[in-house]
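S.K.: Provided herewith: my_file_8.pdb, PDB, C-alpha atoms.
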ATOM      1  CA  MET Q   1      24.644  19.939 -17.636
ATOM      2  CA  LYS Q   2      21.336  18.555 -18.931
ATOM      3  CA  VAL Q   3      18.333  17.952 -16.676
ATOM      4  CA  TRP Q   4      14.796  16.652 -17.247
ATOM      5  CA  GLN Q   5      12.349  19.032 -15.572
ATOM      6  CA  ILE Q   6       8.598  19.321 -15.228
ATOM      7  CA  GLN Q   7       7.823  22.612 -16.911
ATOM      8  CA  ARG Q   8       4.043  22.126 -17.103
ATOM      9  CA  PRO Q   9       1.808  19.710 -15.129
ATOM     10  CA  GLU Q  10       0.683  17.961 -18.315
ATOM     11  CA  GLY Q  11       2.070  14.465 -17.793
ATOM     12  CA  PRO Q  12       5.069  13.263 -19.840
ATOM     13  CA  GLN Q  13       4.509  15.977 -22.451
ATOM     14  CA  GLY Q  14       5.168  18.579 -19.768
ATOM     15  CA  LEU Q  15       8.757  17.337 -19.364
ATOM     16  CA  ASP Q  16      11.565  19.268 -21.046
ATOM     17  CA  LEU Q  17      15.276  18.578 -21.340
ATOM     18  CA  VAL Q  18      16.988  21.791 -20.222
ATOM     19  CA  GLU Q  19      20.532  23.022 -19.748
ATOM     20  CA  LEU Q  20      21.560  24.196 -16.258
ATOM     21  CA  GLU Q  21      24.842  25.256 -14.729
ATOM     22  CA  ALA Q  22      26.706  22.337 -13.150
ATOM     23  CA  PRO Q  23      26.562  22.550  -9.338
ATOM     24  CA  LYS Q  24      29.550  22.702  -6.989
ATOM     25  CA  PRO Q  25      29.560  20.714  -3.748
ATOM     26  CA  GLY Q  26      29.454  22.662  -0.515
ATOM     27  CA  PRO Q  27      30.511  21.402   2.928
ATOM     28  CA  HIS Q  28      29.466  17.763   3.478
ATOM     29  CA  GLU Q  29      27.997  17.549  -0.026
ATOM     30  CA  VAL Q  30      28.904  15.133  -2.816
ATOM     31  CA  LEU Q  31      28.607  15.786  -6.549
ATOM     32  CA  VAL Q  32      27.349  12.616  -8.253
ATOM     33  CA  ARG Q  33      27.472  11.881 -11.977
ATOM     34  CA  ILE Q  34      24.187  10.031 -12.524
ATOM     35  CA  ARG Q  35      24.564   7.020 -14.821
ATOM     36  CA  ALA Q  36      21.031   5.629 -14.660
ATOM     37  CA  ALA Q  37      17.640   6.505 -13.178
ATOM     38  CA  SER Q  38      14.516   4.384 -12.784
ATOM     39  CA  LEU Q  39      10.860   5.373 -12.858
ATOM     40  CA  ASN Q  40       8.162   4.886 -10.227
ATOM     41  CA  TYR Q  41       4.409   5.456 -10.471
ATOM     42  CA  ARG Q  42       4.995   8.231  -7.966
ATOM     43  CA  ASP Q  43       7.072  10.041 -10.598
ATOM     44  CA  LEU Q  44       4.355   9.626 -13.216
ATOM     45  CA  GLY Q  45       1.850  11.161 -10.818
ATOM     46  CA  THR Q  46       4.272  13.988 -10.089
ATOM     47  CA  THR Q  47       4.311  14.965 -13.775
ATOM     48  CA  LYS Q  48       0.568  15.634 -13.422
ATOM     49  CA  ARG Q  49       0.691  16.826  -9.797
ATOM     50  CA  GLU Q  50      -1.524  13.874  -8.914
ATOM     51  CA  ARG Q  51      -0.304  13.634  -5.331
ATOM     52  CA  PRO Q  52      -0.289  15.713  -2.152
ATOM     53  CA  GLY Q  53       1.776  18.859  -2.113
ATOM     54  CA  ASN Q  54       2.272  21.590  -4.641
ATOM     55  CA  LEU Q  55       5.749  21.337  -6.128
ATOM     56  CA  PRO Q  56       7.313  24.492  -7.507
ATOM     57  CA  LEU Q  57       7.904  24.443 -11.244
ATOM     58  CA  PRO Q  58      10.233  23.864 -12.972
ATOM     59  CA  PHE Q  59      11.112  20.715 -11.020
ATOM     60  CA  THR Q  60      13.660  17.956 -11.671
ATOM     61  CA  ILE Q  61      11.901  14.587 -11.825
ATOM     62  CA  CYS Q  62      12.653  11.104 -10.370
ATOM     63  CA  SER Q  63      13.760   9.835  -6.968
ATOM     64  CA  ASP Q  64      15.797   6.776  -7.998
ATOM     65  CA  GLY Q  65      19.252   6.872  -9.514
ATOM     66  CA  ALA Q  66      22.774   5.508  -9.402
ATOM     67  CA  GLY Q  67      26.109   6.916 -10.454
ATOM     68  CA  GLU Q  68      29.654   7.742  -9.458
ATOM     69  CA  VAL Q  69      31.217  10.435  -7.306
ATOM     70  CA  LEU Q  70      32.746  13.296  -9.294
ATOM     71  CA  GLU Q  71      33.780  15.639  -6.498
ATOM     72  CA  VAL Q  72      33.366  16.027  -2.739
ATOM     73  CA  GLY Q  73      32.922  19.150  -0.648
ATOM     74  CA  ALA Q  74      34.775  20.248   2.455
ATOM     75  CA  GLY Q  75      34.573  17.851   5.381
ATOM     76  CA  VAL Q  76      33.534  14.798   3.361
ATOM     77  CA  THR Q  77      35.538  11.750   4.512
ATOM     78  CA  LYS Q  78      33.311   8.808   3.528
ATOM     79  CA  TRP Q  79      33.452   9.230  -0.265
ATOM     80  CA  LYS Q  80      36.036   9.927  -2.957
ATOM     81  CA  ALA Q  81      35.949  10.503  -6.710
ATOM     82  CA  GLY Q  82      35.103   7.331  -8.614
ATOM     83  CA  ASP Q  83      33.037   5.661  -5.865
ATOM     84  CA  ARG Q  84      29.874   4.000  -7.223
ATOM     85  CA  VAL Q  85      26.884   5.197  -5.201
ATOM     86  CA  ILE Q  86      23.101   5.212  -4.830
ATOM     87  CA  PRO Q  87      21.322   8.260  -3.353
ATOM     88  CA  LEU Q  88      18.836   7.342  -0.620
ATOM     89  CA  PHE Q  89      15.174   8.061  -1.367
ATOM     90  CA  PHE Q  90      14.842   9.929   1.944
ATOM     91  CA  GLN Q  91      17.912  12.088   2.453
ATOM     92  CA  ARG Q  92      17.327  12.616   6.185
ATOM     93  CA  TRP Q  93      16.537   9.058   7.263
ATOM     94  CA  PRO Q  94      19.759   7.207   8.129
ATOM     95  CA  ALA Q  95      18.091   5.115  10.843
ATOM     96  CA  GLY Q  96      15.140   4.955  13.234
ATOM     97  CA  GLY Q  97      11.478   5.591  12.526
ATOM     98  CA  MET Q  98       9.581   7.887  10.202
ATOM     99  CA  THR Q  99       9.285  11.529  11.262
ATOM    100  CA  HIS Q 100       7.913  14.737   9.798
ATOM    101  CA  ASP Q 101      11.468  15.871   9.057
ATOM    102  CA  VAL Q 102      12.149  12.629   7.165
ATOM    103  CA  MET Q 103       9.030  13.155   5.050
ATOM    104  CA  LYS Q 104      10.359  16.534   3.957
ATOM    105  CA  SER Q 105      13.564  15.015   2.535
ATOM    106  CA  ALA Q 106      12.398  12.811  -0.358
ATOM    107  CA  LEU Q 107      14.234  13.106  -3.658
ATOM    108  CA  GLY Q 108      11.892  13.945  -6.500
ATOM    109  CA  GLY Q 109       9.458  15.306  -3.906
ATOM    110  CA  ALA Q 110      10.519  17.830  -1.295
ATOM    111  CA  PHE Q 111      14.005  17.751  -2.849
ATOM    112  CA  GLN Q 112      14.853  18.059  -6.539
ATOM    113  CA  GLY Q 113      15.117  14.714  -8.322
ATOM    114  CA  VAL Q 114      17.888  12.785 -10.044
ATOM    115  CA  LEU Q 115      16.979  12.597 -13.751
ATOM    116  CA  ALA Q 116      19.982  14.796 -14.487
ATOM    117  CA  GLU Q 117      23.574  14.421 -15.569
ATOM    118  CA  GLN Q 118      24.827  15.636 -12.181
ATOM    119  CA  VAL Q 119      23.216  16.028  -8.742
ATOM    120  CA  LEU Q 120      24.321  17.250  -5.314
ATOM    121  CA  ILE Q 121      23.681  14.748  -2.510
ATOM    122  CA  ARG Q 122      24.269  14.917   1.240
ATOM    123  CA  GLU Q 123      27.327  12.967   2.403
ATOM    124  CA  ASP Q 124      25.146  10.740   4.593
ATOM    125  CA  GLY Q 125      22.490  10.414   1.866
ATOM    126  CA  LEU Q 126      24.467   7.886  -0.193
ATOM    127  CA  VAL Q 127      25.168   4.155  -0.042
ATOM    128  CA  ARG Q 128      27.760   2.134  -1.957
ATOM    129  CA  ILE Q 129      26.743   0.021  -4.951
ATOM    130  CA  PRO Q 130      27.705  -3.668  -4.584
ATOM    131  CA  ASP Q 131      30.149  -4.914  -7.223
ATOM    132  CA  SER Q 132      27.544  -7.445  -8.409
ATOM    133  CA  LEU Q 133      25.212  -4.707  -9.724
ATOM    134  CA  THR Q 134      25.374  -2.479 -12.792
ATOM    135  CA  PHE Q 135      24.357   1.180 -12.611
ATOM    136  CA  GLU Q 136      21.062   0.301 -14.330
ATOM    137  CA  GLN Q 137      20.292  -2.430 -11.795
ATOM    138  CA  ALA Q 138      21.322  -0.277  -8.835
ATOM    139  CA  ALA Q 139      19.034   2.532 -10.003
ATOM    140  CA  THR Q 140      15.979   0.290  -9.519
ATOM    141  CA  LEU Q 141      16.556  -0.153  -5.784
ATOM    142  CA  PRO Q 142      15.969   3.064  -3.741
ATOM    143  CA  CYS Q 143      12.157   3.099  -3.793
ATOM    144  CA  ALA Q 144      10.566  -0.116  -5.101
ATOM    145  CA  ALA Q 145      13.087  -2.623  -3.800
ATOM    146  CA  LEU Q 146      13.520  -0.980  -0.403
ATOM    147  CA  THR Q 147       9.756  -0.689   0.021
ATOM    148  CA  ALA Q 148       9.349  -4.428  -0.603
ATOM    149  CA  TRP Q 149      12.290  -5.255   1.677
ATOM    150  CA  ASN Q 150      11.039  -3.051   4.495
ATOM    151  CA  ALA Q 151       7.531  -4.524   4.235
ATOM    152  CA  LEU Q 152       8.695  -8.141   4.340
ATOM    153  CA  VAL Q 153      11.923  -8.016   6.353
ATOM    154  CA  GLY Q 154      12.346  -4.667   8.103
ATOM    155  CA  HIS Q 155       8.834  -4.688   9.573
ATOM    156  CA  GLY Q 156       7.309  -7.948   8.362
ATOM    157  CA  HIS Q 157       9.706 -10.400  10.069
ATOM    158  CA  LEU Q 158       9.394 -12.777   7.126
ATOM    159  CA  GLN Q 159       9.926 -16.442   7.988
ATOM    160  CA  SER Q 160      10.762 -19.437   5.832
ATOM    161  CA  GLY Q 161       7.506 -21.227   4.996
ATOM    162  CA  ASP Q 162       5.331 -18.094   5.149
ATOM    163  CA  THR Q 163       2.841 -17.495   2.361
ATOM    164  CA  ILE Q 164       2.980 -14.050   0.733
ATOM    165  CA  LEU Q 165       0.284 -12.569  -1.504
ATOM    166  CA  THR Q 166       1.504  -9.687  -3.650
ATOM    167  CA  LEU Q 167      -0.696  -7.645  -5.974
ATOM    168  CA  GLY Q 168       0.307  -6.974  -9.576
ATOM    169  CA  THR Q 169       3.623  -7.279 -11.406
ATOM    170  CA  GLY Q 170       5.115  -3.813 -10.958
ATOM    171  CA  GLY Q 171       8.484  -3.091  -9.409
ATOM    172  CA  VAL Q 172       7.511  -3.453  -5.736
ATOM    173  CA  SER Q 173       5.581  -6.661  -6.359
ATOM    174  CA  LEU Q 174       8.383  -8.353  -8.298
ATOM    175  CA  PHE Q 175      10.967  -7.367  -5.691
ATOM    176  CA  ALA Q 176       8.624  -8.774  -3.032
ATOM    177  CA  LEU Q 177       8.485 -12.013  -5.025
ATOM    178  CA  GLN Q 178      12.267 -12.186  -5.260
ATOM    179  CA  PHE Q 179      12.882 -11.330  -1.595
ATOM    180  CA  ALA Q 180      10.223 -13.788  -0.421
ATOM    181  CA  LYS Q 181      11.761 -16.626  -2.428
ATOM    182  CA  MET Q 182      15.202 -15.609  -1.108
ATOM    183  CA  HIS Q 183      13.830 -16.255   2.397
ATOM    184  CA  GLY Q 184      12.165 -19.564   1.553
ATOM    185  CA  ALA Q 185       8.595 -18.271   1.461
ATOM    186  CA  ARG Q 186       5.685 -19.302  -0.753
ATOM    187  CA  VAL Q 187       4.405 -16.592  -3.116
ATOM    188  CA  ILE Q 188       0.979 -16.016  -4.654
ATOM    189  CA  ILE Q 189       0.895 -13.185  -7.190
ATOM    190  CA  THR Q 190      -1.944 -11.504  -9.088
ATOM    191  CA  SER Q 191      -2.196  -9.809 -12.476
ATOM    192  CA  SER Q 192      -4.733  -9.154 -15.217
ATOM    193  CA  SER Q 193      -2.310 -10.620 -17.772
ATOM    194  CA  ASP Q 194      -1.713 -14.360 -18.167
ATOM    195  CA  GLU Q 195       1.521 -13.538 -19.992
ATOM    196  CA  LYS Q 196       2.821 -11.569 -17.003
ATOM    197  CA  LEU Q 197       1.727 -14.333 -14.648
ATOM    198  CA  ALA Q 198       3.697 -16.850 -16.711
ATOM    199  CA  ARG Q 199       6.780 -14.630 -16.399
ATOM    200  CA  ALA Q 200       6.201 -14.366 -12.648
ATOM    201  CA  LYS Q 201       6.163 -18.165 -12.522
ATOM    202  CA  GLU Q 202       9.577 -18.167 -14.186
ATOM    203  CA  LEU Q 203      10.824 -15.891 -11.396
ATOM    204  CA  GLY Q 204       9.647 -18.385  -8.789
ATOM    205  CA  ALA Q 205       5.995 -17.552  -8.031
ATOM    206  CA  ASP Q 206       4.302 -20.631  -6.596
ATOM    207  CA  GLU Q 207       0.704 -19.712  -7.460
ATOM    208  CA  THR Q 208      -0.821 -17.108  -9.775
ATOM    209  CA  ILE Q 209      -4.265 -15.519  -9.939
ATOM    210  CA  ASN Q 210      -5.696 -13.552 -12.858
ATOM    211  CA  TYR Q 211      -7.897 -10.985 -11.116
ATOM    212  CA  LYS Q 212      -9.808 -10.253 -14.318
ATOM    213  CA  THR Q 213     -10.968 -13.838 -14.823
ATOM    214  CA  LYS Q 214     -11.203 -14.393 -11.038
ATOM    215  CA  PRO Q 215     -12.469 -11.096  -9.618
ATOM    216  CA  ASP Q 216     -12.927 -12.704  -6.182
ATOM    217  CA  TRP Q 217      -9.177 -13.192  -6.005
ATOM    218  CA  GLU Q 218      -9.168 -12.943  -2.231
ATOM    219  CA  ARG Q 219     -11.298 -16.098  -2.044
ATOM    220  CA  GLU Q 220      -8.966 -17.824  -4.478
ATOM    221  CA  ALA Q 221      -5.959 -16.916  -2.297
ATOM    222  CA  PHE Q 222      -7.845 -18.111   0.762
ATOM    223  CA  ALA Q 223      -8.574 -21.439  -0.966
ATOM    224  CA  LEU Q 224      -4.925 -21.822  -2.019
ATOM    225  CA  THR Q 225      -3.965 -21.754   1.674
ATOM    226  CA  LYS Q 226      -6.559 -24.416   2.583
ATOM    227  CA  LYS Q 227      -8.791 -21.684   4.035
ATOM    228  CA  ARG Q 228      -6.148 -20.577   6.529
ATOM    229  CA  GLY Q 229      -5.342 -17.279   4.821
ATOM    230  CA  VAL Q 230      -2.006 -15.884   3.714
ATOM    231  CA  ASP Q 231       0.535 -14.691   6.243
ATOM    232  CA  HIS Q 232       1.281 -11.372   4.565
ATOM    233  CA  VAL Q 233      -0.290  -9.252   1.814
ATOM    234  CA  ILE Q 234       1.737  -6.712  -0.160
ATOM    235  CA  GLU Q 235      -1.155  -4.299  -0.786
ATOM    236  CA  LEU Q 236      -0.490  -2.062  -3.775
ATOM    237  CA  GLY Q 237      -3.980  -1.252  -5.015
ATOM    238  CA  GLY Q 238      -5.168   1.101  -2.293
ATOM    239  CA  ALA Q 239      -8.795   1.885  -1.541
ATOM    240  CA  GLY Q 240     -10.153  -0.385  -4.272
ATOM    241  CA  THR Q 241      -8.369  -3.545  -3.103
ATOM    242  CA  LEU Q 242      -7.693  -3.088   0.619
ATOM    243  CA  GLN Q 243     -10.899  -4.802   1.758
ATOM    244  CA  LYS Q 244     -10.087  -7.856  -0.333
ATOM    245  CA  SER Q 245      -6.572  -7.952   1.090
ATOM    246  CA  LEU Q 246      -7.974  -7.896   4.624
ATOM    247  CA  ASP Q 247     -10.223 -10.818   3.715
ATOM    248  CA  ALA Q 248      -7.324 -12.845   2.281
ATOM    249  CA  VAL Q 249      -5.021 -12.745   5.310
ATOM    250  CA  ARG Q 250      -4.941 -15.257   8.187
ATOM    251  CA  TYR Q 251      -5.726 -14.639  11.853
ATOM    252  CA  GLY Q 252      -2.845 -12.618  13.262
ATOM    253  CA  GLY Q 253      -1.518 -11.902   9.768
ATOM    254  CA  ARG Q 254      -0.173  -8.705   8.278
ATOM    255  CA  VAL Q 255      -1.167  -6.366   5.459
ATOM    256  CA  SER Q 256       1.490  -3.909   4.270
ATOM    257  CA  VAL Q 257      -0.258  -0.949   2.646
ATOM    258  CA  ILE Q 258       2.059   0.491  -0.003
ATOM    259  CA  GLY Q 259       0.288   1.657  -3.157
ATOM    260  CA  VAL Q 260      -2.763   3.677  -4.165
ATOM    261  CA  LEU Q 261      -3.124   2.547  -7.780
ATOM    262  CA  THR Q 262      -6.918   2.353  -7.449
ATOM    263  CA  GLY Q 263      -7.160   5.812  -5.888
ATOM    264  CA  PHE Q 264      -7.422   7.418  -2.470
ATOM    265  CA  GLU Q 265     -11.180   7.303  -1.868
ATOM    266  CA  GLY Q 266     -12.978   4.257  -0.493
ATOM    267  CA  THR Q 267     -14.695   2.604   2.446
ATOM    268  CA  VAL Q 268     -13.105  -0.156   4.509
ATOM    269  CA  ASN Q 269     -14.857  -2.333   7.076
ATOM    270  CA  PRO Q 270     -12.513  -2.442  10.101
ATOM    271  CA  TRP Q 271     -14.110  -5.545  11.602
ATOM    272  CA  PRO Q 272     -11.712  -8.076  10.003
ATOM    273  CA  ILE Q 273      -8.781  -6.121  11.484
ATOM    274  CA  ILE Q 274     -10.306  -6.361  14.942
ATOM    275  CA  ALA Q 275     -11.830  -9.821  14.782
ATOM    276  CA  ARG Q 276      -8.747 -11.509  13.331
ATOM    277  CA  SER Q 277      -6.150  -9.404  15.208
ATOM    278  CA  LEU Q 278      -4.543  -8.214  11.980
ATOM    279  CA  THR Q 279      -1.560  -5.895  11.692
ATOM    280  CA  VAL Q 280      -2.068  -3.242   9.026
ATOM    281  CA  GLN Q 281       1.208  -1.447   8.389
ATOM    282  CA  GLY Q 282       1.770   1.574   6.179
ATOM    283  CA  ILE Q 283       5.113   1.319   4.366
ATOM    284  CA  TYR Q 284       6.820   4.298   2.773
ATOM    285  CA  VAL Q 285      10.209   3.094   1.509
ATOM    286  CA  GLY Q 286      12.728   2.702   4.381
ATOM    287  CA  ASN Q 287      15.788   4.130   6.091
ATOM    288  CA  GLY Q 288      19.517   3.931   5.388
ATOM    289  CA  GLU Q 289      20.031   0.936   7.683
ATOM    290  CA  HIS Q 290      17.278  -0.958   5.857
ATOM    291  CA  MET Q 291      18.987  -0.082   2.552
ATOM    292  CA  GLU Q 292      22.391  -1.341   3.712
ATOM    293  CA  ALA Q 293      20.874  -4.620   4.961
ATOM    294  CA  MET Q 294      18.995  -5.104   1.689
ATOM    295  CA  LEU Q 295      22.132  -4.456  -0.390
ATOM    296  CA  ARG Q 296      24.088  -7.036   1.625
ATOM    297  CA  ALA Q 297      21.390  -9.633   0.946
ATOM    298  CA  ILE Q 298      21.171  -8.729  -2.749
ATOM    299  CA  ASP Q 299      24.931  -9.014  -3.122
ATOM    300  CA  LEU Q 300      25.132 -12.300  -1.199
ATOM    301  CA  HIS Q 301      22.392 -13.953  -3.262
ATOM    302  CA  LYS Q 302      23.389 -12.196  -6.507
ATOM    303  CA  LEU Q 303      19.791 -11.104  -7.002
ATOM    304  CA  GLN Q 304      19.130  -9.582 -10.422
ATOM    305  CA  PRO Q 305      16.485  -6.829 -10.497
ATOM    306  CA  VAL Q 306      13.866  -7.301 -13.208
ATOM    307  CA  ILE Q 307      14.265  -4.549 -15.804
ATOM    308  CA  ASP Q 308      11.560  -4.218 -18.423
ATOM    309  CA  ARG Q 309      13.363  -1.788 -20.731
ATOM    310  CA  VAL Q 310      16.210   0.734 -20.761
ATOM    311  CA  PHE Q 311      15.618   4.060 -22.533
ATOM    312  CA  GLY Q 312      18.233   6.581 -23.633
ATOM    313  CA  PHE Q 313      18.509   9.882 -21.765
ATOM    314  CA  THR Q 314      16.849  11.856 -24.573
ATOM    315  CA  GLU Q 315      13.959   9.338 -24.575
ATOM    316  CA  ALA Q 316      12.747  10.104 -21.045
ATOM    317  CA  ARG Q 317       9.305  11.240 -22.227
ATOM    318  CA  ALA Q 318       8.873   7.943 -24.048
ATOM    319  CA  ALA Q 319       9.897   6.087 -20.879
ATOM    320  CA  PHE Q 320       7.119   7.804 -18.908
ATOM    321  CA  GLU Q 321       4.616   7.112 -21.679
ATOM    322  CA  HIS Q 322       5.645   3.444 -21.588
ATOM    323  CA  MET Q 323       4.927   3.397 -17.867
ATOM    324  CA  ALA Q 324       1.553   5.117 -18.370
ATOM    325  CA  ALA Q 325       0.560   2.412 -20.880
ATOM    326  CA  GLY Q 326       0.905  -0.203 -18.122
ATOM    327  CA  ALA Q 327       2.328  -2.959 -20.313
ATOM    328  CA  HIS Q 328       5.711  -3.143 -18.569
ATOM    329  CA  PHE Q 329       6.939  -6.046 -16.423
ATOM    330  CA  GLY Q 330       9.439  -4.863 -13.827
ATOM    331  CA  LYS Q 331      11.360  -1.598 -13.733
ATOM    332  CA  ILE Q 332      11.748   1.029 -16.449
ATOM    333  CA  VAL Q 333      15.214   2.578 -16.553
ATOM    334  CA  VAL Q 334      16.641   5.670 -18.226
ATOM    335  CA  GLU Q 335      20.345   5.521 -19.016
ATOM    336  CA  VAL Q 336      21.995   8.884 -18.386
TER     337      VAL Q 336
END
Would you kindly transcribe this structure into structure tokens?
M.R.:
Amino acid sequence: MKVWQIQRPEGPQGLDLVELEAPKPGPHEVLVRIRAASLNYRDLGTTKRERPGNLPLPFTICSDGAGEVLEVGAGVTKWKAGDRVIPLFFQRWPAGGMTHDVMKSALGGAFQGVLAEQVLIREDGLVRIPDSLTFEQAATLPCAALTAWNALVGHGHLQSGDTILTLGTGGVSLFALQFAKMHGARVIITSSSDEKLARAKELGADETINYKTKPDWEREAFALTKKRGVDHVIELGGAGTLQKSLDAVRYGGRVSVIGVLTGFEGTVNPWPIIARSLTVQGIYVGNGEHMEAMLRAIDLHKLQPVIDRVFGFTEARAAFEHMAAGAHFGKIVVEV
């Protein structure tokens, strides 16, 4: 079988398509034929080792995929050949809260990734794909969609009429927009591109802010809420934007810290958190129960994930380069 592996920590150019022996499922393992995989910024950083940990090379890239069951190992009762499935991002997180053991079970991190023709997955590390979704659409869900869902619904207790501020137009932000509108919330979204903001409007965004032309975007968001502040910020920038997010949220509001696109180093004044009784919540994807709940909602509302472009399997390097260029709107998918 063919697999995309990091051979050298040189970014996309360090990825090679290699031939490996097809695996055989052991007890309570499932062999999945991957049909599509989607890219996350985390994967791009992994190609350069721009994140904590020191992955052994060569290493199979990507956490997010979807496919069909080829074969099951001894003791597997939940799945059979032909079932359409999505591997969970965290293989050891069926329910409950985050633990150290959970953190050591991420696909494309502690575990080998899914940008391969076939992968072995734990029996309890899979969920069923709703009939309303294609393999390409399903592959966008394990990381970005579940992160947005967990921030807004799993932990955020989103209510109809809430105002959500989400930063940028990447995968997490667009899923946050879609989930918020699904729940009857108002959405303010930011971008440096007026073209992307116009597309976000088409998806249902109520207000848009170009953070290049309005660098004090937190004040703009504050003004758009009649100086009350937003109920919830989907914070994807990291150290460079967190202070502004804290200044944009209302008394008693919530900031879900998800991304680090502006880097890891910075200084944050904690006074707004204290003075306005804010909840600052770190979100790292979600568990299997969150995933099942999200899939039920997606299927019920027939939500269509936003896919920027689908690349062929042999074009995986080009897919990563497309992500690095930053011009995409929504998810980048590789068809396997």
S.K.: Residues of range 160-181 of chain Q that approach range 243-250 of chain Q to 10 Å or less, counting all atoms listed in the file: could you list each one with the shortest pair of atoms and its distance in Å to one decimal, rows by chain and increasing residue number, as CSV?
M.R.:
residue,atom,partner,partner_atom,distance
Q:Thr163,CA,Q:Val249,CA,9.6
Q:Ile164,CA,Q:Val249,CA,9.3
Q:Leu165,CA,Q:Ala248,CA,8.5
Q:Thr166,CA,Q:Ser245,CA,9.5
Q:Leu167,CA,Q:Ser245,CA,9.2
S.K.: Take the point (10.0, -14.9, 6.5) as written in the file and pick out every residue within 12 Å of it, counting only C-alpha atoms; give the list as a PyMOL selection string.
M.R.: chain Q and resi 149+151-164+176-177+179-187+231-232
S.K.: Enumerate, in order of chain and increasing residue number, the residues of range 45-95 of chain Q with an atom no farther than 12 Å from range 291-311 of chain Q, each with its shortest atom pair and distance in Å to one decimal, counting all atoms listed in the file, as CSV.
M.R.:
residue,atom,partner,partner_atom,distance
Q:Val85,CA,Q:Leu295,CA,11.8
Q:Ile86,CA,Q:Met291,CA,10.0
Q:Pro87,CA,Q:Met291,CA,10.5
Q:Leu88,CA,Q:Met291,CA,8.1
Q:Phe89,CA,Q:Met291,CA,9.8
Q:Phe90,CA,Q:Met291,CA,10.9
Q:Trp93,CA,Q:Met291,CA,10.6
Q:Pro94,CA,Q:Met291,CA,9.2
Q:Ala95,CA,Q:Met291,CA,9.8
S.K.: Those same residues - C-alpha atoms - I'd like them written as a CSV table (one decimal), keeping the file's coordinate frame.
M.R.:
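Done, and the output landed in selection.csv:
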chain,number,residue,atom,x,y,z
Q,85,VAL,CA,26.9,5.2,-5.2
Q,86,ILE,CA,23.1,5.2,-4.8
Q,87,PRO,CA,21.3,8.3,-3.4
Q,88,LEU,CA,18.8,7.3,-0.6
Q,89,PHE,CA,15.2,8.1,-1.4
Q,90,PHE,CA,14.8,9.9,1.9
Q,93,TRP,CA,16.5,9.1,7.3
Q,94,PRO,CA,19.8,7.2,8.1
Q,95,ALA,CA,18.1,5.1,10.8
S.K.: Could you give me, as number ranges by chain, the residues within 10 Å of Gly168 in chain Q, counting all atoms listed in the file and dropping anything in the same chain fewer than 5 positions from it?
M.R.: Q: 173-174, 189-193, 196-197, 200, 209-211, 234-237, 329
S.K.: Any chance you could resolve the PyMOL selection byres ((chain Q and resi 172) around 6) against this file and give the residues as a short mmCIF file (atom, residue, chain, number, x, y, z; two decimals) with C-alpha atoms, in the coordinates of the input?
M.R.:
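And here's part.cif as it stands now:
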data_model
loop_
_atom_site.label_atom_id
_atom_site.label_comp_id
_atom_site.auth_asym_id
_atom_site.auth_seq_id
_atom_site.Cartn_x
_atom_site.Cartn_y
_atom_site.Cartn_z
CA ALA Q 144 10.57 -0.12 -5.10
CA ALA Q 145 13.09 -2.62 -3.80
CA ALA Q 148 9.35 -4.43 -0.60
CA GLY Q 170 5.12 -3.81 -10.96
CA GLY Q 171 8.48 -3.09 -9.41
CA SER Q 173 5.58 -6.66 -6.36
CA LEU Q 174 8.38 -8.35 -8.30
CA PHE Q 175 10.97 -7.37 -5.69
#
